[in-house]
$ cat structure_35.pdb   # PDB, C-alpha atoms
ATOM      1  CA  MET A  35     -26.111   4.364  -0.306
ATOM      2  CA  ASP A  36     -24.516   1.665  -2.428
ATOM      3  CA  ARG A  37     -21.304   3.559  -3.237
ATOM      4  CA  MET A  38     -18.062   2.375  -1.739
ATOM      5  CA  ILE A  39     -16.096   4.774   0.457
ATOM      6  CA  THR A  40     -12.333   5.039  -0.065
ATOM      7  CA  ILE A  41     -10.082   6.468   2.647
ATOM      8  CA  LEU A  42      -6.580   7.220   1.425
ATOM      9  CA  GLY A  43      -3.617   9.198   2.709
ATOM     10  CA  PRO A  44       0.123   9.042   3.242
ATOM     11  CA  THR A  45       1.750   6.921   5.913
ATOM     12  CA  ALA A  46       1.158   8.299   9.456
ATOM     13  CA  SER A  47      -1.967  10.258   8.449
ATOM     14  CA  GLY A  48      -4.232   8.185  10.733
ATOM     15  CA  LYS A  49      -6.409   6.854   7.895
ATOM     16  CA  THR A  50      -6.952   3.364   9.425
ATOM     17  CA  SER A  51      -8.414   4.820  12.597
ATOM     18  CA  VAL A  52     -10.742   7.053  10.536
ATOM     19  CA  ALA A  53     -11.857   4.065   8.439
ATOM     20  CA  ALA A  54     -12.571   1.987  11.567
ATOM     21  CA  HIS A  55     -14.635   4.737  13.221
ATOM     22  CA  LEU A  56     -16.507   5.299   9.964
ATOM     23  CA  ALA A  57     -17.199   1.558   9.625
ATOM     24  CA  ALA A  58     -18.677   1.562  13.135
ATOM     25  CA  GLU A  59     -20.987   4.465  12.193
ATOM     26  CA  VAL A  60     -22.237   3.214   8.824
ATOM     27  CA  GLY A  61     -22.075  -0.549   9.348
ATOM     28  CA  GLY A  62     -19.077  -1.096   7.131
ATOM     29  CA  GLU A  63     -16.212  -3.529   6.620
ATOM     30  CA  ILE A  64     -12.702  -2.478   5.662
ATOM     31  CA  ILE A  65     -10.811  -3.696   2.601
ATOM     32  CA  SER A  66      -7.108  -2.957   2.989
ATOM     33  CA  ALA A  67      -5.235  -1.314   0.102
ATOM     34  CA  ASP A  68      -1.709  -1.892   1.362
ATOM     35  CA  SER A  69       0.773  -3.865  -0.725
ATOM     36  CA  ARG A  70       2.733  -5.159   2.290
ATOM     37  CA  GLN A  71       0.057  -5.795   4.917
ATOM     38  CA  VAL A  72      -0.995  -8.838   2.880
ATOM     39  CA  TYR A  73       1.974 -10.738   4.399
ATOM     40  CA  ARG A  74       1.635 -12.734   7.626
ATOM     41  CA  ARG A  75       4.117 -12.162  10.472
ATOM     42  CA  MET A  76       5.141  -8.822   8.946
ATOM     43  CA  ASP A  77       3.191  -6.777  11.466
ATOM     44  CA  ILE A  78       5.277  -4.019  13.061
ATOM     45  CA  GLY A  79       7.231  -3.149   9.914
ATOM     46  CA  THR A  80       4.105  -2.833   7.758
ATOM     47  CA  GLY A  81       2.274  -0.851  10.451
ATOM     48  CA  LYS A  82      -0.744  -3.132  10.582
ATOM     49  CA  ASP A  83      -1.859  -1.488  13.841
ATOM     50  CA  LEU A  84      -4.556  -4.145  14.168
ATOM     51  CA  GLU A  85      -5.702  -2.612  17.444
ATOM     52  CA  ASP A  86      -7.125   0.272  15.339
ATOM     53  CA  TYR A  87      -9.871  -2.147  14.221
ATOM     54  CA  THR A  88     -11.059  -2.609  17.818
ATOM     55  CA  LEU A  89     -13.118   0.303  19.148
ATOM     56  CA  ARG A  90     -13.697   0.457  22.881
ATOM     57  CA  THR A  91     -16.195   2.502  24.860
ATOM     58  CA  PRO A  92     -16.964   2.174  28.575
ATOM     59  CA  GLN A  93     -20.066   0.192  27.524
ATOM     60  CA  SER A  94     -18.762  -2.087  24.767
ATOM     61  CA  THR A  95     -15.968  -3.377  22.528
ATOM     62  CA  LEU A  96     -16.544  -3.423  18.791
ATOM     63  CA  HIS A  97     -14.357  -5.404  16.360
ATOM     64  CA  ILE A  98     -14.458  -3.979  12.847
ATOM     65  CA  PRO A  99     -14.084  -6.717  10.194
ATOM     66  CA  TYR A 100     -11.127  -6.206   7.829
ATOM     67  CA  HIS A 101     -10.019  -7.980   4.650
ATOM     68  CA  LEU A 102      -6.835  -8.549   2.575
ATOM     69  CA  ILE A 103      -4.515  -8.420   5.579
ATOM     70  CA  ASP A 104      -2.459 -11.541   6.464
ATOM     71  CA  ILE A 105      -3.441 -13.437   3.324
ATOM     72  CA  CYS A 106      -0.058 -14.728   2.100
ATOM     73  CA  GLU A 107       3.305 -15.970   3.309
ATOM     74  CA  PRO A 108       6.447 -13.820   3.571
ATOM     75  CA  GLY A 109       8.911 -14.592   0.807
ATOM     76  CA  THR A 110       6.170 -14.737  -1.841
ATOM     77  CA  LYS A 111       5.641 -11.849  -4.252
ATOM     78  CA  TYR A 112       2.008 -10.793  -4.162
ATOM     79  CA  ASN A 113       1.172  -8.532  -7.090
ATOM     80  CA  LEU A 114      -1.336  -6.061  -8.476
ATOM     81  CA  PHE A 115      -3.056  -8.671 -10.668
ATOM     82  CA  GLU A 116      -3.746 -10.858  -7.607
ATOM     83  CA  TYR A 117      -4.811  -7.856  -5.539
ATOM     84  CA  GLN A 118      -7.334  -6.731  -8.124
ATOM     85  CA  GLN A 119      -8.955 -10.173  -8.178
ATOM     86  CA  ASP A 120      -8.873 -10.571  -4.372
ATOM     87  CA  PHE A 121     -10.330  -7.089  -3.915
ATOM     88  CA  TYR A 122     -13.169  -7.764  -6.309
ATOM     89  CA  ASP A 123     -14.078 -11.086  -4.659
ATOM     90  CA  VAL A 124     -14.219  -9.430  -1.213
ATOM     91  CA  TYR A 125     -16.025  -6.346  -2.554
ATOM     92  CA  GLN A 126     -18.728  -8.485  -4.193
ATOM     93  CA  ASP A 127     -19.184 -10.547  -1.015
ATOM     94  CA  ILE A 128     -19.531  -7.419   1.169
ATOM     95  CA  ARG A 129     -22.041  -5.858  -1.241
ATOM     96  CA  HIS A 130     -24.104  -9.060  -1.413
ATOM     97  CA  ARG A 131     -24.415  -9.012   2.378
ATOM     98  CA  GLY A 132     -25.744  -5.444   2.277
ATOM     99  CA  VAL A 133     -22.701  -4.058   4.090
ATOM    100  CA  VAL A 134     -20.795  -0.870   3.170
ATOM    101  CA  PRO A 135     -17.344  -1.588   1.681
ATOM    102  CA  ILE A 136     -14.651   0.846   2.896
ATOM    103  CA  LEU A 137     -11.380   0.694   0.969
ATOM    104  CA  CYS A 138      -8.525   2.021   3.091
ATOM    105  CA  GLY A 139      -4.803   2.299   2.437
ATOM    106  CA  GLY A 140      -1.831   4.144   1.072
ATOM    107  CA  THR A 141      -0.827   2.054  -1.951
ATOM    108  CA  GLY A 142      -2.043   4.442  -4.644
ATOM    109  CA  LEU A 143      -1.505   1.980  -7.475
ATOM    110  CA  TYR A 144      -3.751  -0.639  -5.817
ATOM    111  CA  ILE A 145      -6.459   1.947  -5.109
ATOM    112  CA  GLU A 146      -6.407   3.368  -8.617
ATOM    113  CA  ALA A 147      -6.376  -0.103 -10.219
ATOM    114  CA  VAL A 148      -9.595  -1.198  -8.505
ATOM    115  CA  LEU A 149     -11.425   2.117  -8.797
ATOM    116  CA  LYS A 150     -10.621   2.440 -12.488
ATOM    117  CA  GLY A 151     -10.873  -1.280 -13.313
ATOM    118  CA  TYR A 152      -7.374  -1.637 -14.768
ATOM    119  CA  LYS A 153      -7.155  -4.311 -17.449
ATOM    120  CA  LEU A 154      -4.336  -6.577 -16.299
ATOM    121  CA  SER A 155      -2.838  -9.870 -17.366
ATOM    122  CA  PRO A 156      -0.912 -12.391 -15.215
ATOM    123  CA  VAL A 157       2.788 -12.098 -16.031
ATOM    124  CA  PRO A 158       5.066 -15.153 -15.846
ATOM    125  CA  GLN A 159       8.735 -14.888 -14.828
ATOM    126  CA  ASN A 160      11.192 -14.305 -17.673
ATOM    127  CA  GLN A 161      14.486 -15.781 -16.442
ATOM    128  CA  SER A 162      16.583 -14.755 -19.452
ATOM    129  CA  LEU A 163      15.399 -11.146 -19.092
ATOM    130  CA  ARG A 164      16.153 -11.258 -15.354
ATOM    131  CA  ASP A 165      19.651 -12.623 -16.017
ATOM    132  CA  SER A 166      20.324  -9.875 -18.567
ATOM    133  CA  LEU A 167      19.265  -7.166 -16.073
ATOM    134  CA  GLU A 168      21.293  -8.576 -13.165
ATOM    135  CA  GLY A 169      24.084  -6.182 -12.170
ATOM    136  CA  ASN A 170      22.362  -2.996 -13.374
ATOM    137  CA  SER A 171      22.015  -0.197 -10.818
ATOM    138  CA  LEU A 172      18.593   0.952  -9.568
ATOM    139  CA  ASN A 173      19.017   4.193 -11.565
ATOM    140  CA  GLU A 174      19.733   2.276 -14.773
ATOM    141  CA  LEU A 175      16.770  -0.040 -14.199
ATOM    142  CA  THR A 176      14.506   2.948 -13.439
ATOM    143  CA  GLU A 177      15.545   4.551 -16.737
ATOM    144  CA  MET A 178      14.776   1.329 -18.674
ATOM    145  CA  LEU A 179      11.409   1.091 -16.917
ATOM    146  CA  LYS A 180      10.604   4.704 -17.824
ATOM    147  CA  GLU A 181      11.204   3.983 -21.538
ATOM    148  CA  LEU A 182       9.036   0.847 -21.436
ATOM    149  CA  LYS A 183       6.222   2.708 -19.679
ATOM    150  CA  GLU A 184       6.295   5.402 -22.375
ATOM    151  CA  LYS A 185       6.013   2.721 -25.074
ATOM    152  CA  ASN A 186       3.107   1.058 -23.220
ATOM    153  CA  GLY A 187       1.381   4.302 -22.221
ATOM    154  CA  SER A 188       1.440   2.818 -18.715
ATOM    155  CA  ASN A 189       1.069   4.620 -15.387
ATOM    156  CA  MET A 190       1.834   1.527 -13.315
ATOM    157  CA  HIS A 191       5.041   1.110 -11.261
ATOM    158  CA  ASN A 192       5.820   4.579  -9.983
ATOM    159  CA  THR A 193       8.852   5.121  -7.748
ATOM    160  CA  THR A 194       6.774   4.459  -4.626
ATOM    161  CA  ASP A 195       6.490   0.830  -5.669
ATOM    162  CA  VAL A 196       9.943   0.394  -7.223
ATOM    163  CA  ASP A 197      12.518   1.123  -4.536
ATOM    164  CA  SER A 198      14.866  -1.849  -4.961
ATOM    165  CA  CYS A 199      16.589  -3.536  -7.931
ATOM    166  CA  GLN A 200      14.457  -6.653  -7.490
ATOM    167  CA  ARG A 201      11.215  -4.702  -7.681
ATOM    168  CA  ALA A 202      12.463  -2.672 -10.652
ATOM    169  CA  ILE A 203      13.387  -5.885 -12.507
ATOM    170  CA  ARG A 204       9.907  -7.315 -11.829
ATOM    171  CA  ALA A 205       8.323  -4.064 -13.099
ATOM    172  CA  ILE A 206      10.459  -4.225 -16.290
ATOM    173  CA  GLU A 207       9.409  -7.874 -16.681
ATOM    174  CA  ILE A 208       5.722  -6.879 -16.455
ATOM    175  CA  GLU A 209       6.023  -3.928 -18.840
ATOM    176  CA  THR A 210       8.039  -6.043 -21.324
ATOM    177  CA  TYR A 211       5.420  -8.807 -21.201
ATOM    178  CA  ASN A 212       2.559  -6.327 -21.696
ATOM    179  CA  LEU A 213       4.397  -4.774 -24.661
ATOM    180  CA  GLU A 214       4.901  -8.168 -26.319
ATOM    181  CA  ASN A 215       1.534  -9.696 -25.286
ATOM    182  CA  PRO A 216      -1.149  -6.999 -25.420
ATOM    183  CA  THR A 217      -3.950  -9.613 -25.027
ATOM    184  CA  PRO A 218      -5.765 -11.313 -23.407
ATOM    185  CA  ARG A 219      -6.515  -8.991 -20.531
ATOM    186  CA  ARG A 220      -8.980  -9.517 -17.751
ATOM    187  CA  GLU A 221     -11.940  -7.182 -17.534
ATOM    188  CA  LEU A 222     -13.050  -6.087 -14.070
ATOM    189  CA  PRO A 223     -15.487  -3.166 -13.894
ATOM    190  CA  PRO A 224     -14.558   0.187 -12.342
ATOM    191  CA  VAL A 225     -15.967   0.770  -8.852
ATOM    192  CA  ASP A 226     -17.973   3.867  -7.963
ATOM    193  CA  SER A 227     -16.584   5.353  -4.763
ATOM    194  CA  LEU A 228     -16.599   8.464  -2.649
ATOM    195  CA  ILE A 229     -12.890   9.202  -2.145
ATOM    196  CA  ILE A 230     -11.726  10.817   1.091
ATOM    197  CA  GLY A 231      -8.117  11.918   1.531
ATOM    198  CA  ILE A 232      -6.666  12.413   5.016
ATOM    199  CA  ASN A 233      -4.501  15.488   4.704
ATOM    200  CA  ILE A 234      -1.734  15.808   7.280
ATOM    201  CA  ASP A 235       0.482  18.885   7.430
ATOM    202  CA  ARG A 236       4.008  18.114   6.181
ATOM    203  CA  GLU A 237       5.724  19.040   9.460
ATOM    204  CA  ALA A 238       3.190  17.109  11.557
ATOM    205  CA  ARG A 239       3.648  14.119   9.246
ATOM    206  CA  ARG A 240       7.442  14.249   9.565
ATOM    207  CA  GLU A 241       7.216  14.466  13.355
ATOM    208  CA  LYS A 242       4.732  11.586  13.523
ATOM    209  CA  ILE A 243       6.883   9.386  11.231
ATOM    210  CA  THR A 244       9.941   9.995  13.424
ATOM    211  CA  ARG A 245       8.022   9.252  16.626
ATOM    212  CA  ARG A 246       6.381   6.169  15.129
ATOM    213  CA  LEU A 247       9.650   4.718  13.843
ATOM    214  CA  LYS A 248      11.186   5.041  17.309
ATOM    215  CA  ALA A 249       8.119   3.342  18.865
ATOM    216  CA  ARG A 250       8.208   0.489  16.338
ATOM    217  CA  LEU A 251      11.894  -0.150  16.934
ATOM    218  CA  GLU A 252      11.178  -0.242  20.684
ATOM    219  CA  ALA A 253       8.228  -2.597  20.043
ATOM    220  CA  GLY A 254      10.532  -5.232  18.528
ATOM    221  CA  MET A 255      10.687  -4.504  14.814
ATOM    222  CA  VAL A 256      14.300  -5.756  14.632
ATOM    223  CA  ASN A 257      13.255  -9.076  16.202
ATOM    224  CA  GLU A 258      10.361  -9.349  13.755
ATOM    225  CA  VAL A 259      12.738  -9.167  10.772
ATOM    226  CA  LYS A 260      15.276 -11.452  12.498
ATOM    227  CA  ALA A 261      12.538 -14.073  13.024
ATOM    228  CA  LEU A 262      11.717 -13.965   9.299
ATOM    229  CA  LEU A 263      15.395 -14.471   8.415
ATOM    230  CA  ASP A 264      15.628 -17.292  10.996
ATOM    231  CA  GLU A 265      12.608 -18.912   9.315
ATOM    232  CA  GLY A 266      14.776 -19.279   6.232
ATOM    233  CA  ILE A 267      13.331 -16.462   4.144
ATOM    234  CA  PRO A 268      16.215 -15.254   1.921
ATOM    235  CA  ALA A 269      17.556 -11.775   2.738
ATOM    236  CA  ASN A 270      16.916 -10.669  -0.863
ATOM    237  CA  ASP A 271      13.248 -11.579  -0.574
ATOM    238  CA  LEU A 272      12.901  -9.353   2.492
ATOM    239  CA  ILE A 273      14.870  -6.536   0.830
ATOM    240  CA  TYR A 274      12.363  -6.785  -2.040
ATOM    241  CA  TYR A 275       9.611  -5.542   0.310
ATOM    242  CA  GLY A 276      11.449  -2.244   0.722
ATOM    243  CA  LEU A 277      11.548   0.316   3.554
ATOM    244  CA  GLU A 278      11.666  -1.301   7.023
ATOM    245  CA  TYR A 279      12.381  -4.804   5.676
ATOM    246  CA  LYS A 280      15.099  -3.580   3.338
ATOM    247  CA  PHE A 281      17.002  -1.479   5.887
ATOM    248  CA  LEU A 282      16.560  -3.852   8.836
ATOM    249  CA  THR A 283      17.691  -6.832   6.747
ATOM    250  CA  GLU A 284      20.796  -4.888   5.691
ATOM    251  CA  TYR A 285      21.494  -4.145   9.371
ATOM    252  CA  LEU A 286      20.926  -7.763  10.459
ATOM    253  CA  THR A 287      23.161  -9.117   7.694
ATOM    254  CA  GLY A 288      25.980  -6.762   8.684
ATOM    255  CA  VAL A 289      25.764  -4.399   5.706
ATOM    256  CA  THR A 290      25.043  -1.315   7.875
ATOM    257  CA  SER A 291      25.323  -0.289  11.509
ATOM    258  CA  TYR A 292      22.248   0.262  13.690
ATOM    259  CA  ASP A 293      22.639   4.062  13.690
ATOM    260  CA  GLU A 294      23.173   4.183   9.941
ATOM    261  CA  MET A 295      20.130   1.935   9.431
ATOM    262  CA  THR A 296      17.797   4.091  11.552
ATOM    263  CA  LYS A 297      19.014   7.293   9.901
ATOM    264  CA  ARG A 298      18.588   5.964   6.351
ATOM    265  CA  LEU A 299      15.266   4.286   7.131
ATOM    266  CA  GLU A 300      13.791   7.476   8.567
ATOM    267  CA  ILE A 301      14.809   9.450   5.469
ATOM    268  CA  ALA A 302      13.366   6.713   3.228
ATOM    269  CA  ILE A 303       9.986   6.777   5.040
ATOM    270  CA  HIS A 304       9.785  10.575   4.698
ATOM    271  CA  GLN A 305      10.526  10.245   0.977
ATOM    272  CA  PHE A 306       7.955   7.456   0.680
ATOM    273  CA  ALA A 307       5.207   9.616   2.257
ATOM    274  CA  LYS A 308       6.077  12.434  -0.140
ATOM    275  CA  ARG A 309       5.816  10.071  -3.133
ATOM    276  CA  GLN A 310       2.454   8.786  -1.877
ATOM    277  CA  MET A 311       1.142  12.366  -1.908
ATOM    278  CA  THR A 312       2.551  12.844  -5.423
ATOM    279  CA  TRP A 313       0.601   9.756  -6.534
ATOM    280  CA  PHE A 314      -2.643  11.021  -4.965
ATOM    281  CA  ARG A 315      -2.200  14.444  -6.626
ATOM    282  CA  GLY A 316      -1.627  12.539  -9.886
ATOM    283  CA  MET A 317      -4.924  10.711  -9.349
ATOM    284  CA  GLU A 318      -6.658  14.094  -9.119
ATOM    285  CA  ARG A 319      -5.068  15.143 -12.417
ATOM    286  CA  ARG A 320      -6.275  11.859 -13.915
ATOM    287  CA  GLY A 321      -9.878  12.738 -13.070
ATOM    288  CA  PHE A 322     -10.457  11.363  -9.542
ATOM    289  CA  LYS A 323     -12.265  13.697  -7.145
ATOM    290  CA  ILE A 324     -10.608  13.431  -3.718
ATOM    291  CA  HIS A 325     -12.294  15.215  -0.799
ATOM    292  CA  TRP A 326      -9.465  16.190   1.551
ATOM    293  CA  ILE A 327     -10.122  16.272   5.299
ATOM    294  CA  ASP A 328      -7.679  17.709   7.800
ATOM    295  CA  ALA A 329      -6.034  15.014   9.945
ATOM    296  CA  ILE A 330      -6.025  17.273  13.027
ATOM    297  CA  LEU A 331      -9.825  17.586  13.191
ATOM    298  CA  PRO A 332     -11.484  15.690  16.073
ATOM    299  CA  MET A 333     -12.580  12.193  15.022
ATOM    300  CA  GLU A 334     -16.322  12.978  15.410
ATOM    301  CA  GLU A 335     -15.956  15.942  13.055
ATOM    302  CA  LYS A 336     -14.075  13.899  10.453
ATOM    303  CA  ILE A 337     -16.744  11.177  10.509
ATOM    304  CA  GLU A 338     -19.559  13.733  10.301
ATOM    305  CA  LYS A 339     -17.962  15.387   7.248
ATOM    306  CA  ILE A 340     -17.537  12.027   5.493
ATOM    307  CA  LYS A 341     -21.136  11.018   6.233
ATOM    308  CA  GLN A 342     -22.434  14.329   4.826
ATOM    309  CA  LEU A 343     -20.406  13.833   1.628
ATOM    310  CA  TRP A 344     -21.555  10.228   1.367
ATOM    311  CA  GLN A 345     -25.261  11.047   1.748
TER     312      GLN A 345
END

$ encode --input "structure_35.pdb" --output "structure tokens"
Amino acid sequence: MDRMITILGPTASGKTSVAAHLAAEVGGEIISADSRQVYRRMDIGTGKDLEDYTLRTPQSTLHIPYHLIDICEPGTKYNLFEYQQDFYDVYQDIRHRGVVPILCGGTGLYIEAVLKGYKLSPVPQNQSLRDSLEGNSLNELTEMLKELKEKNGSNMHNTTDVDSCQRAIRAIEIETYNLENPTPRRELPPVDSLIIGINIDREARREKITRRLKARLEAGMVNEVKALLDEGIPANDLIYYGLEYKFLTEYLTGVTSYDEMTKRLEIAIHQFAKRQMTWFRGMERRGFKIHWIDAILPMEEKIEKIKQLWQ
């Protein structure tokens, strides 16, 4: 088969492990669709779980090749335009080598952009616009963004991706630029893919998120963020990445207490997972066929189901 396979699902659904086992079965390589795992030294907070790409049996150890993880420096602002190009370069290379590309991740916007072949243009910074937006609340910025999206007929920048003032300002900058400069846009073709969704029961997901957050804090997530700050990366740049980096930076810079940080971060991750599912349901309404597979099924059964759908 020359179709790509896409494995998507909310955070804590176990999609990476499924993708790795599938890659081992079909001779595939994984292309990450995660907007934060592109950054080096941001490992625990982004949940890279790189050990998931190593499959061990009593007889052997298999390392599954993965792409678009650890490709840029913290403090930079990687964007959808760059992702689309990087994805396509990797996708073409994998196809030319006769290997099965497996797209795996939870950033719905990235997944939809490459499957549909969004027409995007690189957007330069607009300092005067940024200055004029400085001081607005996240709610006010979100409202402005909503109006711009309606004018553009755009479905980019949902609330999953815009959870801080900095990100909202960048989204407004992009939408404003696209409104004023409708051309030229880059053409990349849509990609034919079997789409598999890993469906995890809401209560099981909540429990897993809580357990995983505790484990990541114990594994040194605070030290990871502290090391990035010690490197000289501005606090605002880390806050821009949202979730773990936002709340841990606020704790480390004395804005919140440890208990307050963990409480607010846990709530934010639950809300994030819910918004991811909203995006995936939106994809279905926009014409994507997603085959949902229950996360609690044994791994062999999940892989067998995917292979049957693929063939």

$ closest_residue --input "structure_35.pdb" --among "A:Glu265, A:Glu300, A:Glu338, A:Asp86" --to "A:Arg245" --atoms "all atoms listed in the file"
A:Glu300

$ closest_atom_pairs --input "structure_35.pdb" --of "stretch 110-163 of chain A" --to "stretch 43-63 of chain A" --cutoff "12 Å" --atoms "all atoms listed in the file" --output "CSV"
residue,atom,partner,partner_atom,distance
A:Val124,CA,A:Glu63,CA,10.0
A:Tyr125,CA,A:Glu63,CA,9.6
A:Asp127,CA,A:Glu63,CA,10.8
A:Ile128,CA,A:Glu63,CA,7.5
A:Arg129,CA,A:Glu63,CA,10.1
A:Arg131,CA,A:Gly62,CA,10.7
A:Gly132,CA,A:Gly62,CA,9.3
A:Val133,CA,A:Gly62,CA,5.6
A:Val134,CA,A:Gly62,CA,4.3
A:Pro135,CA,A:Glu63,CA,5.4
A:Ile136,CA,A:Glu63,CA,6.0
A:Leu137,CA,A:Ala53,CA,8.2
A:Cys138,CA,A:Ala53,CA,6.6
A:Gly139,CA,A:Gly43,CA,7.0
A:Gly140,CA,A:Gly43,CA,5.6
A:Thr141,CA,A:Pro44,CA,8.8
A:Gly142,CA,A:Gly43,CA,8.9
A:Ile145,CA,A:Gly43,CA,11.0

$ closest_residue --input "structure_35.pdb" --among "A:Thr88, A:Gln71, A:Thr290, A:Asn113" --to "A:Arg204" --atoms "all atoms listed in the file"
A:Asn113

$ closest_residue --input "structure_35.pdb" --among "A:Glu237, A:Glu252, A:Glu146, A:Glu168" --to "A:Pro224" --atoms "only C-alpha atoms"
A:Glu146

$ closest_residue --input "structure_35.pdb" --among "A:Ala253, A:Leu149, A:Leu167, A:Ile65" --to "A:Asp123" --atoms "only C-alpha atoms"
A:Ile65

$ atom_distance --input "structure_35.pdb" --atom1 "atom CA of A:Arg298" --atom2 "atom CA of A:Tyr275"
15.8 Å

$ resolve_selection --input "structure_35.pdb" --expression "the PyMOL selection byres ((chain A and resi 283) around 10)" --output "PyMOL selection string"
chain A and resi 256+259-260+262-263+268-273+276-282+284-290+295

$ closest_residue --input "structure_35.pdb" --among "A:Arg240, A:Arg315, A:Arg37, A:Arg70" --to "A:Tyr117" --atoms "all atoms listed in the file"
A:Arg70

$ resolve_selection --input "structure_35.pdb" --expression "the PyMOL selection byres ((chain A and resi 112) around 12)" --output "PyMOL selection string"
chain A and resi 68-74+102-111+113-120+144+156-157+201+204+271+274-275

$ residues_around --input "structure_35.pdb" --residues "A:Asn186" --least-positions-apart "2" --cutoff "9 Å" --atoms "only C-alpha atoms" --output "list in words"
Glu181, Leu182, Lys183, Glu184, Ser188, Asn189, Glu209, Thr210, Asn212 and Leu213 of chain A

$ resolve_selection --input "structure_35.pdb" --expression "the PyMOL selection byres ((chain A and resi 199) around 8)" --output "number ranges by chain"
A: 170-172, 175, 196-198, 200-203, 274

$ axis_aligned_box --input "structure_35.pdb" --around "stretch 77-86 of chain A" --padding-each-side "6 Å" --output "JSON"
{"center_x": 0.1, "center_y": -3.3, "center_z": 12.6, "size_x": 26.4, "size_y": 19.0, "size_z": 21.7}
